[in-house]
Amino acid sequence: MSVVLIALFTLLAVVLQTTWVHALSIAGLGPDLVLLWVLYVALRRQTTLGLWVAFSAGLLQDIAAGGRMGFNAFLLLGVAYVALYLRRRFVQDNFISQLLIVLGFTWLHQFLALFWLNTLLGASLPFGIWLGRAAGLSLFQALLGPWLYLGLDQWLNLREDPHAHHLRLN
Amino acid sequence: MPDFLWKWRREIIFALLVLVSLGMVLSLRQPGIFGRTLRQTVSLVVFPFQKASSSLVRTAQGWVSFFTSLSSLRRENQELSSQVEKLSLRNQLLREQARENEQLRTELEYKRRTEWSFLPAEVIARDPVSWLERVVVDRGSTDGVTAGSGAITPAGVAGRVQDVNPFSATVMLMVDSQSSVAGWVERSKVHGTVKGTGEDTLRMVYVAGGEDVRAGDRVVTSHLSTLFPAGLPIGDVVSVAPAENGLMLDIRLKPCVDFKNQDRFLILLPEN
């Protein structure tokens with residue numbers, strides 16, 4: 001996967017996250033496409049690239065959604081680093097294992113968000129509210145993530161090896 | 001590259017990027033020239049994509065809503081037409097009263113009040129999974145918007161402008177945990193500060209115990225507010241209880257504005 005393609009996907013994830021997800025959300029909750037994309041790159045691609053994608057996607061998300069600059073970059077970096085560190089220990093071919101990985105990393109992301117909001121930014125988010133939102137979000141992520149990864153894998157494989165599609169069809 | 005650096009490259013890059021992000025987060029109270037330039041440049045690049053994408057969403061939503069409410073449109077149209085007639089008449093009377101009021105204030109040598117103009121703005125971006133309650137609107141410094149401008153809806157106070165870029169601006173909604181506005185209870189004129197909680201409710205603080213505040217009271221902007229004209233609805237009191245220290249009241253409000261579904265705002269611009 002070329003750097004240009006990764007940059008385009010990062011931009012696409014941020015634009016869709018800030019414009020489409022709200023319209024498709026249920027009870028104020030929707031998936032976090034940027035987190036799913038960062039996880040995909042960190043788990044499937046080369047090591048340090050995941051960190052750069054996490055940083056740039058987070059920064060872009062902060063600016064595009066009017067958030068605190070550096071905050072999402074910081075959170076996604078944490079998630080990407082843990083994902084890179086544990087990458088070899090995960091079995092990713094299985095649908096269920098992918099679902100559990102996405103679920104686990106979404107909880108980690110939300111926990112980091114709560115921790116840093118309450119310490120770094122001086123907010124006082126109640127734990128109950130956090131728990132409800134984190135649970136709803138991780139459910140969305142777990143349901144969407146594996147399908148998204150399957151689609152991305154198929155498309156990227158096809159792009160890198162056009163014969164693969166032909167062989168599969170036969 | 002030395003072996004040491006190559007071996008630890010992941011940790012070194014991680015540490016460097018963490019330091020840069022932390023620096024950005026911590027320097028936000030007074031963003032430097034680098035931070036402002038970076039934000040404005042990235043906003044300029046992302047803005048056309050967001051504008052196009054949000055227009056697409058709005059068009060799709062418009063079509064869905066058109067087909068689902070086709071039957072009630074005619075009746076609604078008639079009701080609105082009759083309402084417009086009534087409101088036009090009422091507006092005329094209010095204009096006359098405002099003119100008289102202004103004349104009397106001048107005669108009594110009162111301080112001249114700020115006149116406001118309203119700039120309509122549409123939401124082009126929001127992140128529903130973010131813990132911060134902020135949205136990006138399609139008006140910026142080229143339209144005269146400045147940081148600190150108030151944002152309202154016909155229902156009441158919505159928030160204030162946090163950051164301004166040439167063609168877009170970030171509005172911090174009233175429910176954001178860092179937002180606050182001076183308000184008073186309409187019925188008893190008890191002053192306080194209304195703050196966001198990060199949830200769907202607001203809190204009114206700095207109200208001494210024993211003050212006359214009841215559930216159901218409406219809280220509006222006070223004359224102490226410099227961002228909003230006085231009398232704009234903020235929220236309705238849902239509960240009043242003594243605060244933990246026992247000296248103050250812990251007042252919870254339900255906001256007048258439905259923030260989840262709000263996609264249009266009016267930005268307040270002072271005229272004088």
# chains A, B, ... in the order shown; residues from 1 in each chain; ligands from 1
call {"tool": "residues_around", "arguments": {"residues": "range 48-61 of chain A", "least_positions_apart": "4", "cutoff": "6 Å", "atoms": "only C-alpha atoms", "output": "PyMOL selection string"}}
result
(chain A and resi 10+14+38+41-42+65+70+72-73+76-77+80) or (chain B and resi 10)
call {"tool": "select_by_dssp", "arguments": {"residues": "range 24-163 of chain A", "states": "helix (DSSP H, G or I)", "output": "PyMOL selection string"}}
result
chain A and resi 24+33-44+47-64+71-89+95-119+127-160+162-163
call {"tool": "write_last_selection", "arguments": {"atoms": "C-alpha atoms", "output": "compact mmCIF listing (two decimals), in the first residue's frame"}}
result
# COMPACT_ATOMS: atom_id res chain seq x y z
CA LEU A 24 -26.00 7.54 10.57
CA LEU A 33 -13.84 5.22 11.49
CA VAL A 34 -10.54 6.96 12.24
CA LEU A 35 -9.75 4.55 15.07
CA LEU A 36 -10.66 1.58 12.85
CA TRP A 37 -8.37 2.84 10.10
CA VAL A 38 -5.44 3.48 12.45
CA LEU A 39 -5.86 0.00 13.94
CA TYR A 40 -5.92 -1.53 10.46
CA VAL A 41 -2.66 0.14 9.47
CA ALA A 42 -0.98 -0.61 12.80
CA LEU A 43 -1.98 -4.27 12.83
CA ARG A 44 -1.56 -5.11 9.16
CA THR A 47 5.79 -0.93 12.15
CA THR A 48 6.61 2.77 12.29
CA LEU A 49 4.08 3.65 9.58
CA GLY A 50 1.28 2.90 12.07
CA LEU A 51 2.61 5.56 14.44
CA TRP A 52 2.83 8.21 11.72
CA VAL A 53 -0.69 7.41 10.51
CA ALA A 54 -2.03 7.53 14.09
CA PHE A 55 -0.42 10.92 14.69
CA SER A 56 -1.50 12.52 11.42
CA ALA A 57 -5.03 11.04 11.50
CA GLY A 58 -5.50 12.21 15.10
CA LEU A 59 -4.25 15.70 14.32
CA LEU A 60 -6.44 15.91 11.24
CA GLN A 61 -9.45 14.73 13.27
CA ASP A 62 -8.74 17.33 15.97
CA ILE A 63 -8.66 20.13 13.45
CA ALA A 64 -11.50 18.90 11.23
CA PHE A 71 -5.59 15.37 21.88
CA ASN A 72 -6.78 12.71 19.43
CA ALA A 73 -3.26 12.44 18.01
CA PHE A 74 -2.09 11.59 21.51
CA LEU A 75 -4.83 8.98 22.08
CA LEU A 76 -4.39 7.28 18.72
CA LEU A 77 -0.62 7.17 19.18
CA GLY A 78 -1.15 5.27 22.43
CA VAL A 79 -3.50 2.80 20.75
CA ALA A 80 -1.21 2.36 17.72
CA TYR A 81 1.83 1.74 19.92
CA VAL A 82 0.09 -0.97 21.94
CA ALA A 83 -1.27 -2.49 18.70
CA LEU A 84 2.23 -2.56 17.18
CA TYR A 85 3.71 -4.00 20.34
CA LEU A 86 1.18 -6.85 20.52
CA ARG A 87 0.83 -7.31 16.77
CA ARG A 88 2.63 -10.62 16.51
CA ARG A 89 0.64 -12.15 19.35
CA PHE A 95 -13.48 -13.14 12.18
CA ILE A 96 -14.17 -13.58 15.90
CA SER A 97 -10.60 -12.71 16.87
CA GLN A 98 -10.79 -9.54 14.76
CA LEU A 99 -14.03 -8.62 16.48
CA LEU A 100 -12.43 -9.11 19.91
CA ILE A 101 -9.32 -7.14 18.91
CA VAL A 102 -11.43 -4.18 17.75
CA LEU A 103 -13.53 -4.41 20.92
CA GLY A 104 -10.45 -4.45 23.15
CA PHE A 105 -8.72 -1.56 21.43
CA THR A 106 -11.88 0.55 21.45
CA TRP A 107 -12.10 0.12 25.22
CA LEU A 108 -8.41 1.05 25.51
CA HIS A 109 -9.00 4.16 23.37
CA GLN A 110 -11.99 5.19 25.47
CA PHE A 111 -10.14 4.56 28.71
CA LEU A 112 -7.23 6.72 27.55
CA ALA A 113 -9.72 9.43 26.53
CA LEU A 114 -11.35 9.41 29.98
CA PHE A 115 -8.01 9.42 31.76
CA TRP A 116 -6.54 12.29 29.77
CA LEU A 117 -9.72 14.36 29.73
CA ASN A 118 -9.95 14.19 33.51
CA THR A 119 -6.24 14.74 34.19
CA PHE A 127 -17.78 7.24 35.17
CA GLY A 128 -21.35 6.08 34.51
CA ILE A 129 -21.73 8.30 31.46
CA TRP A 130 -18.34 7.18 30.17
CA LEU A 131 -19.22 3.52 30.63
CA GLY A 132 -22.46 3.85 28.66
CA ARG A 133 -20.84 5.65 25.76
CA ALA A 134 -17.79 3.39 25.67
CA ALA A 135 -20.02 0.30 25.64
CA GLY A 136 -22.19 1.64 22.80
CA LEU A 137 -19.21 2.73 20.76
CA SER A 138 -17.30 -0.54 21.17
CA LEU A 139 -20.40 -2.45 20.06
CA PHE A 140 -20.57 -0.36 16.86
CA GLN A 141 -16.86 -0.84 16.29
CA ALA A 142 -16.93 -4.59 16.86
CA LEU A 143 -19.84 -5.03 14.46
CA LEU A 144 -18.36 -2.85 11.74
CA GLY A 145 -14.60 -3.41 12.11
CA PRO A 146 -14.18 -6.99 10.84
CA TRP A 147 -16.40 -6.33 7.79
CA LEU A 148 -14.50 -3.16 7.00
CA TYR A 149 -11.18 -4.99 7.27
CA LEU A 150 -12.44 -7.79 5.07
CA GLY A 151 -13.47 -5.27 2.41
CA LEU A 152 -10.17 -3.40 2.66
CA ASP A 153 -8.16 -6.64 2.45
CA GLN A 154 -10.07 -7.82 -0.61
CA TRP A 155 -9.77 -4.48 -2.38
CA LEU A 156 -6.06 -4.05 -1.59
CA ASN A 157 -5.22 -7.63 -2.58
CA LEU A 158 -7.08 -7.15 -5.83
CA ARG A 159 -5.25 -3.90 -6.47
CA GLU A 160 -1.84 -5.42 -5.80
CA PRO A 162 -5.38 -8.28 -10.31
CA HIS A 163 -5.17 -12.02 -11.07
call {"tool": "closest_residue", "arguments": {"among": "B:Thr193, B:Ser180, B:Thr41, B:Thr170", "to": "chain A", "atoms": "only C-alpha atoms"}}
result
B:Thr170
call {"tool": "select_by_dssp", "arguments": {"residues": "range 10-256 of chain B", "states": "strand (DSSP E or B)", "output": "ChimeraX atom specification"}}
result
/B:116-126,134-137,150-153,156-164,169-173,180-185,191-196,202-205,208,218-221,233-242,248-255
call {"tool": "interface_residues", "arguments": {"of": "chain B", "to": "chain A", "cutoff": "9 Å", "atoms": "only C-alpha atoms", "output": "ChimeraX atom specification"}}
result
/B:9-11,13-14,17-26,28,35,39-40,42-43,46-47,49-51,53-54,57-58,61,124-136,162-163,169-172,177-178,197-199,260
call {"tool": "residues_around", "arguments": {"residues": "Asp258 in chain B", "least_positions_apart": "4", "cutoff": "10 Å", "atoms": "only C-alpha atoms", "output": "list in words"}}
result
Thr153, Ala155, Gly156, Ala158, Asp200, Lys254 and Gln262 of chain B
call {"tool": "atom_distance", "arguments": {"atom1": "CA of Thr37 in chain B", "atom2": "CA of Gly196 in chain B"}}
result
29.1 Å
call {"tool": "residues_around", "arguments": {"residues": "Met248 in chain B", "least_positions_apart": "2", "cutoff": "12 Å", "atoms": "only C-alpha atoms", "output": "list of chain:residue names"}}
result
B:Gly192, B:Met204, B:Val205, B:Tyr206, B:Val207, B:Ala208, B:Gly209, B:Gly210, B:Glu211, B:Val213, B:Val240, B:Ala241, B:Pro242, B:Ala243, B:Glu244, B:Asn245, B:Gly246, B:Asp250, B:Ile251
call {"tool": "write_last_selection", "arguments": {"atoms": "C-alpha atoms", "output": "CSV table (one decimal), in the first residue's frame"}}
result
chain,number,residue,atom,x,y,z
B,192,GLY,CA,-25.5,32.7,38.5
B,204,MET,CA,-26.1,26.7,37.3
B,205,VAL,CA,-23.4,27.5,39.9
B,206,TYR,CA,-22.5,30.3,42.3
B,207,VAL,CA,-26.0,30.6,43.6
B,208,ALA,CA,-26.2,30.9,47.4
B,209,GLY,CA,-28.3,28.5,49.4
B,210,GLY,CA,-31.7,30.0,50.3
B,211,GLU,CA,-32.1,31.8,47.0
B,213,VAL,CA,-35.0,28.9,42.6
B,240,VAL,CA,-32.4,22.1,42.9
B,241,ALA,CA,-30.4,20.6,45.8
B,242,PRO,CA,-27.9,21.9,48.3
B,243,ALA,CA,-24.3,21.6,47.0
B,244,GLU,CA,-21.8,19.4,48.8
B,245,ASN,CA,-20.3,22.3,50.7
B,246,GLY,CA,-23.8,23.2,52.0
B,250,ASP,CA,-26.6,22.6,42.9
B,251,ILE,CA,-29.0,23.5,40.1
